[in-house]
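Student: If it helps, the file is called model22.cif and holds mmCIF, C-alpha atoms:
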data_my_file
loop_
_atom_site.label_atom_id
_atom_site.label_comp_id
_atom_site.auth_asym_id
_atom_site.auth_seq_id
_atom_site.Cartn_x
_atom_site.Cartn_y
_atom_site.Cartn_z
CA MET A 22 50.68 -65.61 92.17
CA PRO A 23 48.87 -62.62 93.63
CA ASN A 24 49.41 -63.68 97.22
CA GLU A 25 53.11 -64.26 97.04
CA ALA A 26 54.03 -60.74 98.10
CA VAL A 27 51.84 -60.92 101.16
CA MET A 28 53.39 -64.19 102.28
CA ASP A 29 56.87 -62.85 101.74
CA VAL A 30 56.24 -59.93 104.02
CA GLU A 31 54.87 -62.12 106.77
CA THR A 32 57.72 -64.59 106.71
CA VAL A 33 60.52 -62.07 106.39
CA THR A 34 63.29 -62.18 108.98
CA PRO A 35 63.73 -59.31 111.47
CA VAL A 36 65.23 -56.14 110.12
CA GLU A 37 68.92 -56.61 110.69
CA ASP A 38 69.93 -56.85 107.13
CA ASP A 39 72.24 -53.97 106.28
CA THR A 40 70.57 -53.39 102.89
CA VAL A 41 67.20 -53.01 104.55
CA ALA A 42 68.49 -50.58 107.16
CA LYS A 43 70.18 -48.42 104.55
CA ALA A 44 67.10 -48.55 102.34
CA ALA A 45 64.96 -47.44 105.27
CA THR A 46 67.01 -44.29 105.74
CA VAL A 47 66.88 -43.36 102.08
CA VAL A 48 63.18 -44.11 101.68
CA ARG A 49 62.29 -42.30 104.93
CA ASN A 50 64.05 -39.14 103.74
CA TYR A 51 62.41 -39.33 100.35
CA VAL A 52 58.91 -39.78 101.76
CA ARG A 53 59.41 -37.04 104.33
CA SER A 54 60.68 -34.48 101.86
CA ASN A 55 58.00 -35.20 99.29
CA MET A 56 54.88 -35.43 101.38
CA SER A 57 53.97 -32.04 102.70
CA ALA A 58 51.37 -33.57 105.02
CA LEU A 59 54.25 -35.03 107.03
CA ARG A 60 56.31 -31.89 107.47
CA ASP A 61 55.19 -31.13 110.97
CA GLU A 62 54.89 -34.70 112.15
CA ASP A 63 57.30 -37.39 113.16
CA LEU A 64 57.51 -40.20 110.67
CA HIS A 65 58.20 -43.62 112.12
CA ASP A 66 59.25 -46.43 109.87
CA GLU A 67 56.20 -48.49 110.77
CA ASP A 68 53.69 -45.64 110.29
CA ASN A 69 51.13 -46.23 107.58
CA ILE A 70 51.94 -43.51 105.08
CA PHE A 71 48.57 -43.93 103.38
CA GLU A 72 46.82 -43.02 106.61
CA LYS A 73 49.29 -40.36 107.69
CA GLY A 74 49.34 -38.37 104.51
CA PHE A 75 47.66 -38.27 101.22
CA VAL A 76 49.37 -40.70 98.95
CA THR A 77 48.26 -39.96 95.43
CA SER A 78 48.84 -42.14 92.40
CA ILE A 79 51.39 -39.66 91.14
CA PHE A 80 53.37 -39.73 94.39
CA ALA A 81 53.20 -43.51 94.45
CA MET A 82 54.51 -43.64 90.88
CA GLN A 83 57.34 -41.25 91.75
CA LEU A 84 58.16 -43.30 94.82
CA LEU A 85 58.24 -46.46 92.69
CA ASP A 86 60.54 -44.78 90.14
CA PHE A 87 62.73 -43.50 92.95
CA ILE A 88 63.05 -46.95 94.53
CA GLU A 89 63.86 -48.65 91.24
CA THR A 90 66.43 -46.05 90.22
CA THR A 91 68.09 -45.64 93.59
CA PHE A 92 68.36 -49.31 94.48
CA ASP A 93 68.66 -50.62 90.93
CA VAL A 94 65.83 -53.09 91.32
CA GLU A 95 62.72 -53.81 89.31
CA VAL A 96 59.56 -54.15 91.34
CA PRO A 97 57.43 -56.85 89.69
CA ASP A 98 53.70 -56.23 89.25
CA ASP A 99 52.68 -58.63 91.99
CA ARG A 100 54.78 -56.79 94.56
CA ILE A 101 52.99 -53.51 93.92
CA THR A 102 50.49 -53.88 96.72
CA LEU A 103 48.99 -51.52 99.25
CA GLN A 104 50.63 -53.58 101.96
CA ASN A 105 54.16 -53.49 100.50
CA PHE A 106 53.95 -49.72 100.05
CA SER A 107 52.15 -48.92 103.27
CA SER A 108 55.16 -47.94 105.38
CA VAL A 109 58.85 -47.11 105.17
CA GLN A 110 59.57 -50.37 106.95
CA ARG A 111 57.65 -52.51 104.47
CA ILE A 112 59.10 -50.70 101.46
CA SER A 113 62.62 -51.23 102.83
CA ARG A 114 62.02 -54.90 103.47
CA MET A 115 60.75 -55.31 99.94
CA VAL A 116 63.87 -53.58 98.62
CA GLY A 117 66.00 -55.91 100.73
CA GLU A 118 64.24 -58.97 99.36
CA LEU A 119 64.56 -57.78 95.78
CA LYS A 120 68.25 -56.98 96.26
CA ASN A 121 68.97 -60.36 97.81
CA ALA A 122 66.85 -62.33 95.36
CA MET B 26 31.24 -57.34 76.18
CA PRO B 27 32.35 -54.89 73.52
CA GLU B 28 34.55 -56.25 70.82
CA THR B 29 38.14 -55.26 71.01
CA THR B 30 39.37 -53.37 67.99
CA ARG B 31 43.00 -54.13 68.67
CA SER B 32 44.35 -55.87 65.64
CA MET B 33 47.53 -56.47 63.75
CA ASP B 34 47.18 -53.38 61.61
CA ASP B 35 46.51 -51.22 64.66
CA ARG B 36 49.94 -49.60 64.47
CA ALA B 37 49.46 -48.62 60.84
CA VAL B 38 46.18 -46.83 61.44
CA LYS B 39 46.85 -45.61 64.96
CA SER B 40 45.83 -41.97 65.04
CA ALA B 41 48.69 -39.52 64.91
CA LYS B 42 48.65 -36.74 67.48
CA CYS B 43 51.52 -34.52 66.38
CA VAL B 44 53.22 -33.44 63.15
CA VAL B 45 56.77 -32.13 63.50
CA TRP B 46 57.92 -29.81 60.72
CA ASP B 47 61.25 -28.95 59.24
CA LEU B 48 61.34 -25.32 58.06
CA ASP B 49 63.79 -24.71 55.18
CA ASP B 50 62.38 -26.08 51.91
CA THR B 51 59.64 -27.87 53.83
CA LEU B 52 57.39 -25.27 55.42
CA TRP B 53 58.82 -22.49 53.31
CA HIS B 54 60.84 -22.16 50.09
CA GLY B 55 64.47 -21.28 50.64
CA THR B 56 67.08 -21.43 53.38
CA LEU B 57 66.74 -18.83 56.08
CA SER B 58 70.36 -18.91 57.27
CA ALA B 59 71.56 -18.43 53.66
CA ASP B 60 69.75 -15.09 53.69
CA ASP B 61 67.17 -16.32 51.20
CA ASP B 62 63.99 -14.32 51.01
CA VAL B 63 61.90 -17.27 52.15
CA THR B 64 58.24 -17.60 51.18
CA LEU B 65 55.66 -19.97 52.60
CA LYS B 66 54.76 -22.90 50.39
CA ASP B 67 51.36 -22.75 48.71
CA GLY B 68 48.46 -23.64 50.94
CA ILE B 69 50.58 -24.01 54.09
CA VAL B 70 48.50 -21.72 56.25
CA ASP B 71 45.26 -23.50 55.35
CA LEU B 72 46.94 -26.82 55.91
CA LEU B 73 48.18 -25.87 59.38
CA ARG B 74 44.77 -24.46 60.26
CA THR B 75 43.03 -27.64 59.10
CA LEU B 76 45.29 -29.93 61.10
CA ASP B 77 45.01 -27.67 64.14
CA SER B 78 41.21 -27.68 63.95
CA ARG B 79 41.28 -31.49 63.94
CA GLY B 80 43.14 -31.48 67.24
CA ILE B 81 46.48 -32.49 65.66
CA LEU B 82 49.35 -30.83 67.50
CA LEU B 83 52.08 -29.14 65.46
CA SER B 84 55.72 -28.57 66.28
CA ILE B 85 59.05 -27.84 64.64
CA ALA B 86 62.43 -29.54 64.39
CA SER B 87 64.68 -27.22 62.41
CA LYS B 88 68.39 -26.55 62.22
CA ASN B 89 68.43 -22.80 62.30
CA ASN B 90 69.09 -19.82 64.49
CA HIS B 91 66.21 -19.95 66.94
CA ASP B 92 65.43 -16.26 67.16
CA ASP B 93 65.64 -15.65 63.41
CA ALA B 94 63.31 -18.56 62.64
CA MET B 95 60.81 -17.56 65.33
CA ARG B 96 60.80 -13.99 64.00
CA LYS B 97 60.02 -15.31 60.53
CA LEU B 98 57.22 -17.54 61.80
CA THR B 99 55.73 -14.58 63.66
CA GLU B 100 55.97 -12.44 60.51
CA PHE B 101 54.02 -15.10 58.63
CA GLY B 102 51.46 -15.11 61.44
CA ILE B 103 51.81 -18.85 62.12
CA ALA B 104 54.11 -18.99 65.16
CA GLU B 105 51.17 -19.61 67.49
CA TYR B 106 50.38 -22.96 65.85
CA PHE B 107 53.59 -24.63 67.02
CA LEU B 108 54.06 -26.10 70.48
CA HIS B 109 57.59 -26.45 71.89
CA PRO B 110 59.37 -25.63 68.62
CA GLN B 111 62.90 -27.08 68.62
CA ILE B 112 65.06 -24.76 66.54
CA ASN B 113 68.70 -25.52 67.22
CA TRP B 114 71.66 -27.36 65.74
CA ASN B 115 71.02 -30.71 67.40
CA SER B 116 69.96 -33.84 65.54
CA LYS B 117 66.34 -33.89 64.41
CA SER B 118 65.74 -37.10 66.33
CA SER B 119 66.78 -35.45 69.58
CA SER B 120 64.45 -32.55 68.79
CA VAL B 121 61.54 -34.90 68.15
CA ALA B 122 62.36 -36.77 71.35
CA GLU B 123 62.36 -33.50 73.28
CA ILE B 124 58.95 -32.55 71.86
CA GLN B 125 57.63 -35.99 72.77
CA LYS B 126 58.86 -35.58 76.32
CA ARG B 127 57.29 -32.15 76.70
CA LEU B 128 53.93 -33.15 75.24
CA ASN B 129 53.91 -36.51 77.03
CA ILE B 130 52.24 -38.40 74.18
CA GLY B 131 53.35 -41.69 72.63
CA ILE B 132 56.27 -41.55 70.21
CA ASP B 133 54.27 -43.77 67.84
CA THR B 134 51.77 -40.93 67.41
CA PHE B 135 54.34 -38.65 65.74
CA LEU B 136 54.83 -37.74 62.08
CA PHE B 137 57.98 -35.96 60.93
CA ILE B 138 58.10 -34.05 57.65
CA ASP B 139 61.35 -32.91 56.04
CA ASP B 140 62.65 -32.37 52.51
CA GLN B 141 66.02 -34.01 53.20
CA PRO B 142 66.27 -37.80 52.98
CA PHE B 143 69.19 -37.72 55.41
CA GLU B 144 67.11 -36.06 58.13
CA ARG B 145 64.17 -38.40 57.59
CA ASP B 146 66.47 -41.41 57.76
CA GLU B 147 68.19 -40.10 60.88
CA VAL B 148 64.83 -39.74 62.66
CA ALA B 149 63.57 -43.09 61.36
CA PHE B 150 66.76 -44.77 62.55
CA ALA B 151 66.77 -43.28 66.05
CA LEU B 152 63.00 -43.34 66.49
CA PRO B 153 61.60 -46.17 64.33
CA GLU B 154 58.07 -45.59 65.62
CA VAL B 155 57.93 -42.13 64.07
CA GLU B 156 56.43 -42.02 60.58
CA THR B 157 58.44 -39.83 58.22
CA VAL B 158 56.97 -37.89 55.30
CA ASP B 159 58.77 -36.34 52.34
CA ALA B 160 58.14 -32.59 52.14
CA LEU B 161 57.16 -33.06 48.48
CA ASP B 162 54.00 -34.75 49.74
CA TYR B 163 53.01 -32.04 52.21
CA LEU B 164 49.66 -31.37 50.58
CA THR B 165 48.60 -34.99 51.15
CA LEU B 166 48.88 -34.64 54.93
CA THR B 167 45.24 -33.65 55.34
CA THR B 168 44.12 -36.80 53.53
CA LEU B 169 46.22 -39.27 55.54
CA PRO B 170 43.92 -41.55 57.56
CA ARG B 171 46.18 -41.15 60.59
CA LEU B 172 45.59 -37.41 60.51
CA THR B 173 41.88 -37.66 59.81
CA PRO B 174 40.09 -38.47 63.05
CA SER B 175 36.62 -39.89 62.51
CA VAL B 176 35.29 -37.49 65.12
CA VAL B 177 36.46 -34.03 66.07
CA THR B 178 35.28 -33.14 69.53
CA GLU B 179 35.13 -29.81 71.29
CA ASP B 180 38.10 -31.01 73.36
CA ALA B 181 40.03 -31.73 70.16
CA ARG B 182 39.34 -28.31 68.68
CA ARG B 183 40.65 -26.69 71.86
CA ARG B 184 43.58 -29.09 72.26
CA ARG B 185 46.38 -26.69 71.34
CA LEU B 186 44.99 -24.03 73.65
CA MET B 187 44.80 -26.55 76.48
CA TYR B 188 48.43 -27.46 75.92
CA LEU B 189 49.30 -23.76 76.04
CA ASP B 190 47.48 -23.56 79.40
CA ASP B 191 49.60 -26.53 80.48
CA GLU B 192 52.75 -24.67 79.51
CA ARG B 193 51.79 -21.73 81.68
CA ARG B 194 51.00 -24.08 84.54
CA HIS B 195 54.33 -25.77 84.04
CA GLU B 196 56.19 -22.46 84.12
CA SER B 197 54.56 -21.41 87.36
CA GLU B 198 55.28 -24.87 88.73
CA LEU B 199 58.97 -24.55 87.93
CA ALA B 200 59.00 -21.16 89.60
CA TYR B 201 57.33 -22.61 92.69
CA GLN B 202 59.64 -23.35 95.59
CA GLY B 203 58.30 -25.97 97.93
CA PRO B 204 56.62 -29.36 98.03
CA ARG B 205 54.61 -30.39 95.03
CA GLU B 206 51.37 -30.80 96.93
CA ASP B 207 51.58 -27.18 98.01
CA PHE B 208 51.84 -26.16 94.39
CA LEU B 209 48.88 -28.36 93.47
CA ARG B 210 46.90 -26.71 96.26
CA GLU B 211 47.67 -23.33 94.69
CA LEU B 212 46.15 -24.50 91.40
CA GLY B 213 42.65 -24.73 92.90
CA LEU B 214 41.86 -28.03 91.19
CA VAL B 215 38.20 -28.96 90.85
CA PHE B 216 37.38 -32.50 89.75
CA GLY B 217 33.81 -32.90 88.55
CA ILE B 218 32.23 -36.34 88.25
CA SER B 219 28.90 -36.70 86.48
CA ARG B 220 26.86 -39.17 84.50
CA ALA B 221 27.66 -39.12 80.79
CA GLY B 222 25.17 -37.29 78.62
CA GLY B 223 24.59 -37.28 74.87
CA ASP B 224 27.07 -34.44 74.38
CA ASP B 225 29.85 -36.52 75.91
CA LEU B 226 29.67 -39.53 73.60
CA LEU B 227 32.05 -38.31 70.89
CA ARG B 228 34.61 -37.31 73.46
CA LEU B 229 34.32 -40.62 75.31
CA GLU B 230 34.82 -42.58 72.10
CA GLU B 231 37.88 -40.43 71.43
CA LEU B 232 39.22 -40.96 74.96
CA THR B 233 39.08 -44.75 74.62
CA LYS B 234 41.12 -44.46 71.41
CA ARG B 235 43.66 -41.86 72.51
CA THR B 236 44.47 -42.97 76.03
CA SER B 237 47.02 -45.68 76.64
CA GLN B 238 49.03 -44.92 79.79
CA LEU B 239 46.17 -44.50 82.22
CA ASN B 240 43.84 -47.02 80.65
CA SER B 241 42.68 -50.13 82.49
CA THR B 242 42.07 -52.32 79.43
CA GLY B 243 43.00 -50.52 76.21
CA ILE B 244 39.70 -51.68 74.71
CA HIS B 245 38.24 -49.24 72.22
CA TYR B 246 34.52 -48.53 72.26
CA SER B 247 32.54 -47.22 69.31
CA TYR B 248 30.11 -44.34 69.52
CA GLU B 249 27.19 -46.77 69.20
CA GLN B 250 28.49 -49.03 71.98
CA ILE B 251 29.00 -46.10 74.31
CA GLU B 252 25.56 -44.71 73.53
CA ARG B 253 23.94 -48.07 74.27
CA LEU B 254 25.87 -48.44 77.53
CA MET B 255 24.93 -44.92 78.59
CA ARG B 256 21.22 -45.81 78.30
CA ASP B 257 21.53 -49.29 79.78
CA PRO B 258 20.11 -49.38 83.33
CA HIS B 259 22.64 -52.09 84.24
CA HIS B 260 25.61 -49.82 83.54
CA ASP B 261 26.87 -46.58 85.02
CA LEU B 262 28.88 -44.41 82.67
CA TRP B 263 30.80 -41.65 84.43
CA VAL B 264 32.64 -38.75 82.89
CA CYS B 265 35.12 -36.42 84.62
CA GLU B 266 36.14 -32.87 83.99
CA LEU B 267 39.10 -31.14 85.59
CA THR B 268 39.49 -27.38 85.95
CA ASP B 269 41.91 -25.11 87.75
CA ARG B 270 42.66 -21.43 87.84
CA TYR B 271 44.24 -21.57 84.38
CA GLY B 272 41.11 -23.01 82.82
CA SER B 273 39.53 -26.34 81.97
CA TYR B 274 41.48 -29.45 81.04
CA GLY B 275 38.29 -30.63 79.34
CA LYS B 276 36.66 -34.02 79.78
CA ILE B 277 39.66 -36.01 80.89
CA GLY B 278 38.39 -39.25 82.33
CA MET B 279 35.72 -41.89 82.24
CA ALA B 280 34.58 -45.02 84.02
CA LEU B 281 32.19 -47.73 82.94
CA VAL B 282 30.64 -49.86 85.66
CA GLU B 283 28.54 -52.95 84.99
CA LYS B 284 26.01 -53.42 87.78
CA GLY B 285 25.01 -57.01 88.38
CA ARG B 286 22.67 -58.22 91.10
CA ASP B 287 25.29 -58.51 93.82
CA ARG B 288 28.47 -57.43 92.11
CA TRP B 289 29.68 -54.38 90.25
CA THR B 290 32.50 -54.61 87.73
CA ILE B 291 34.54 -51.64 86.58
CA LYS B 292 34.82 -52.52 82.90
CA LEU B 293 36.89 -49.51 81.96
CA LEU B 294 38.69 -46.74 83.81
CA LEU B 295 40.79 -44.18 82.05
CA MET B 296 42.33 -40.75 82.51
CA SER B 297 43.91 -38.55 79.89
CA CYS B 298 47.71 -38.52 80.13
CA ARG B 299 47.63 -34.71 80.35
CA THR B 300 46.39 -35.02 83.91
CA VAL B 301 48.92 -37.58 85.13
CA SER B 302 50.98 -35.04 87.03
CA LYS B 303 47.96 -33.69 88.90
CA GLY B 304 47.44 -36.88 90.91
CA VAL B 305 43.78 -37.18 89.98
CA GLY B 306 43.94 -40.80 88.84
CA THR B 307 42.98 -42.13 92.24
CA VAL B 308 40.03 -39.79 92.70
CA LEU B 309 37.65 -41.48 90.29
CA LEU B 310 38.60 -44.89 91.64
CA SER B 311 38.05 -43.76 95.25
CA PHE B 312 34.65 -42.45 94.17
CA LEU B 313 33.68 -45.85 92.72
CA VAL B 314 34.90 -47.68 95.83
CA LYS B 315 32.79 -45.40 98.03
CA ARG B 316 29.69 -45.95 95.89
CA ALA B 317 30.11 -49.71 95.92
CA ALA B 318 30.50 -49.68 99.70
CA GLU B 319 27.32 -47.62 100.04
CA ALA B 320 25.46 -49.98 97.72
CA GLU B 321 26.79 -52.94 99.76
CA THR B 322 27.82 -54.81 96.67
CA ARG B 323 31.02 -56.65 95.80
CA LEU B 324 33.38 -54.68 93.57
CA PHE B 325 35.43 -56.15 90.75
CA ALA B 326 37.46 -54.57 87.97
CA ASP B 327 38.69 -55.76 84.59
CA PHE B 328 42.30 -55.00 83.83
CA ARG B 329 44.44 -55.82 80.84
CA ARG B 330 48.17 -55.36 81.33
CA THR B 331 49.84 -53.60 78.41
CA PRO B 332 53.45 -52.43 78.09
CA ARG B 333 52.29 -48.90 78.84
CA ASN B 334 49.73 -49.00 81.61
CA ARG B 335 51.87 -49.74 84.64
CA GLN B 336 50.63 -46.57 86.30
CA MET B 337 47.06 -47.80 86.01
CA LEU B 338 48.09 -51.11 87.57
CA LEU B 339 49.69 -49.18 90.41
CA THR B 340 46.58 -47.02 90.79
CA TYR B 341 44.38 -50.09 91.18
CA GLN B 342 46.72 -52.13 93.35
CA LEU B 343 47.49 -49.31 95.75
CA ALA B 344 43.76 -48.66 96.03
CA ASN B 345 43.61 -52.16 97.54
CA PHE B 346 42.40 -53.98 94.45
CA ARG B 347 43.81 -57.50 94.44
CA VAL B 348 44.06 -60.00 91.64
CA ALA B 349 41.16 -62.41 92.03
CA SER B 350 41.88 -64.31 88.84
CA GLN B 351 44.23 -63.98 85.94
CA ASP B 352 44.27 -65.25 82.37
CA GLY B 353 47.51 -64.19 80.72
CA ASP B 354 47.52 -60.41 80.62
CA ASP B 355 43.84 -60.19 81.60
CA TYR B 356 43.26 -59.74 85.32
CA THR B 357 40.11 -59.60 87.36
CA TYR B 358 40.62 -57.49 90.46
CA GLU B 359 38.47 -57.49 93.56
CA ASN B 360 38.38 -54.79 96.20
CA ASP B 361 37.12 -56.10 99.55
CA LEU B 362 36.01 -52.54 100.44
CA THR B 363 37.73 -52.68 103.83
CA VAL B 364 39.98 -49.72 103.08
CA SER B 365 38.41 -46.37 102.32
CA GLN B 366 40.80 -43.82 100.88
CA GLY B 367 39.88 -40.16 100.94
CA TYR B 368 40.44 -37.67 98.16
CA PRO B 369 43.68 -35.67 98.13
CA GLU B 370 42.99 -32.49 100.08
CA TYR B 371 44.22 -30.25 97.27
CA ILE B 372 41.41 -31.38 94.95
CA LYS B 373 37.82 -30.29 95.37
CA VAL B 374 35.57 -33.10 94.19
CA GLU B 375 32.12 -32.23 92.90
CA VAL B 376 29.80 -35.15 92.26
CA ASN B 377 26.71 -34.70 90.14
CA ALA B 378 25.16 -38.17 90.22
#
For this file, write the structure as structure tokens.
Tutor:
Amino acid sequence: MPNEAVMDVETVTPVEDDTVAKAATVVRNYVRSNMSALRDEDLHDEDNIFEKGFVTSIFAMQLLDFIETTFDVEVPDDRITLQNFSSVQRISRMVGELKNA
Amino acid sequence: MPETTRSMDDRAVKSAKCVVWDLDDTLWHGTLSADDDVTLKDGIVDLLRTLDSRGILLSIASKNNHDDAMRKLTEFGIAEYFLHPQINWNSKSSSVAEIQKRLNIGIDTFLFIDDQPFERDEVAFALPEVETVDALDYLTLTTLPRLTPSVVTEDARRRRLMYLDDERRHESELAYQGPREDFLRELGLVFGISRAGGDDLLRLEELTKRTSQLNSTGIHYSYEQIERLMRDPHHDLWVCELTDRYGSYGKIGMALVEKGRDRWTIKLLLMSCRTVSKGVGTVLLSFLVKRAAEAETRLFADFRRTPRNRQMLLTYQLANFRVASQDGDDYTYENDLTVSQGYPEYIKVEVNA
């Protein structure tokens, strides 16, 4: 089912879900405070964090741990995709979907 | 395709990486806190030296006054052999767990030696993957297969010293105020990538056996297999070395790429767990993606999901590798080479192709 995550993102409803909005705030703060490349720049929720900064495997792993601990979700292997982790917005939507699943 | 050496008895013969020692009536005769005039057991110094030279790490879990015990170990001239000694009044299992956390190696690679059945049972109960040894049998340690690696590489001989370097790095990291990347920049990391040579073969064989967290397949390769692949014109065998201002981490990574007519396949990618926190895992993969793009070939990768290699899965999938086919836990990834990721700016990459 490698493509499931991609389809989910494309068919997701607009971001009005409260969970998603709250997740966005938390994730945005985490990314901003842990990526020094972003310190002097604005970070918009739709910005591609892989292009903006330098996302290393260790930061990605920390981010994954942070998401799972903070939101009490388990991100399945097939959701760990470049697309799902590319921006604050996409991460938050994924959290919302996992919470509501 | 190399044969996998994973088998049912793998656990039993899995190499041990660390021996944790009790002190009273195990390492020495007598009880320190009872004011005994303790003396080292016969042959202990040679034994420690032998294990150390094989690349086996040594530590301590002892219920004692920390400063008194350390003073004694220094007097005996053996304090330097022990990494992260846990000398306190906590349970032995919590001490072993603490050592495991600090060294960041698998709990199933630990041996615990103690004269008291209660302590051995307590550790075995809390940490069933740890093998316990009765102190009476201490002289047999050097003959245990798990403590007798078939090869002892230069990296293995220097292992304790490299861990000591890591400790100093860790201390300066704790003292560092500010984002982690800034600290990493201060380290002056240099990541060297070169083609494997004859001198690397022992170390590469060892890496395939010792590495489980950052390992794409968990398949072990023998010296002979690696030597053949190194000479095979249809394979590239890459080896990586990491250094920083504290010294060298040694040869810490490798990649094996099978080069077909119009497709390359990364058969194996691994990085030593000692380098996890330096964020270098993506560097070697980025290098391979760049080379494949330059060669205008399709790029695939073999991956076998294990309970311990989630970080490797993440490394691949966030480098835009997607599952092309899957058979149980065996995946074939493909990277469509549309996304080129640069190296982290805090690492200087030197390629010697």
Student: Name the residues in contact with range 92-102 of chain A at a cut-off of 12 Å, using only C-alpha atoms, excluding same-chain residues fewer than 4 positions from it; report them as a PyMOL selection string.
Tutor: (chain A and resi 22-30+40-41+43-45+47-48+81-82+84-88+106-108+111-122) or (chain B and resi 330-332+334-348+351+354+356)
Student: Within 9 Å of (63.4, -26.1, 59.2) (coordinates as in the file), grab all the protein and nucleic acid residues, counting all atoms listed in the file, and write them out as a list in words.
Tutor: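 Residues with an atom at most 9 Å from (63.4, -26.1, 59.2): Trp46, Asp47, Leu48, Asp49, Asp50, Thr51, Leu52, Trp53, Thr56, Leu57, Ile85, Ala86, Ser87, Lys88, Asn89, Ala94, Ile112 and Asp139 of chain B.
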Student: Using only C-alpha atoms, which residue out of B:Asp352, B:Glu198, B:Glu230, B:Glu283 lies closest to Ala326 in chain B?
Tutor: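 Using only C-alpha atoms, the shortest distance to Ala326 in chain B belongs to B:Glu283.
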Student: Please measure the separation of CA of His245 in chain B and CA of Leu262 in chain B, giving the value in Å to one decimal.
Tutor: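 Answer for the CA of His245 in chain B to CA of Leu262 in chain B separation: 14.8 Å.
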Student: In Å, with one decimal, what is the gap from CA of Arg127 in chain B to CA of Gly272 in chain B?
Tutor: 19.6 Å
Student: Taking the structure in the block just given, could you write range 41-53 of chain B with N, CA and C atoms, as a compact mmCIF listing (two decimals), in the first residue's frame?
Tutor:
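Once written, part-v7.txt looks like this:
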# COMPACT_ATOMS: atom_id res chain seq x y z
N ALA B 41 28.88 -10.40 21.61
CA ALA B 41 28.66 -9.49 22.73
C ALA B 41 29.55 -8.28 22.54
N LYS B 42 29.09 -7.13 22.97
CA LYS B 42 29.87 -5.91 22.80
C LYS B 42 30.34 -5.34 24.14
N CYS B 43 29.70 -5.76 25.24
CA CYS B 43 30.04 -5.14 26.52
C CYS B 43 29.90 -6.14 27.66
N VAL B 44 30.89 -6.16 28.55
CA VAL B 44 30.80 -6.97 29.77
C VAL B 44 30.70 -6.01 30.96
N VAL B 45 29.65 -6.19 31.77
CA VAL B 45 29.44 -5.35 32.94
C VAL B 45 29.83 -6.14 34.19
N TRP B 46 30.71 -5.55 34.98
CA TRP B 46 31.28 -6.25 36.13
C TRP B 46 30.73 -5.76 37.46
N ASP B 47 30.46 -6.73 38.33
CA ASP B 47 30.32 -6.43 39.74
C ASP B 47 31.75 -6.28 40.29
N LEU B 48 31.91 -5.67 41.45
CA LEU B 48 33.26 -5.50 42.01
C LEU B 48 33.53 -6.49 43.15
N ASP B 49 32.81 -6.32 44.27
CA ASP B 49 33.09 -7.15 45.47
C ASP B 49 32.94 -8.64 45.17
N ASP B 50 33.99 -9.39 45.42
CA ASP B 50 34.02 -10.84 45.24
C ASP B 50 33.76 -11.27 43.79
N THR B 51 33.87 -10.31 42.88
CA THR B 51 33.80 -10.67 41.46
C THR B 51 35.09 -10.22 40.77
N LEU B 52 35.31 -8.89 40.78
CA LEU B 52 36.56 -8.39 40.20
C LEU B 52 37.70 -8.52 41.21
N TRP B 53 37.34 -8.29 42.46
CA TRP B 53 38.35 -8.44 43.52
C TRP B 53 37.80 -9.31 44.65
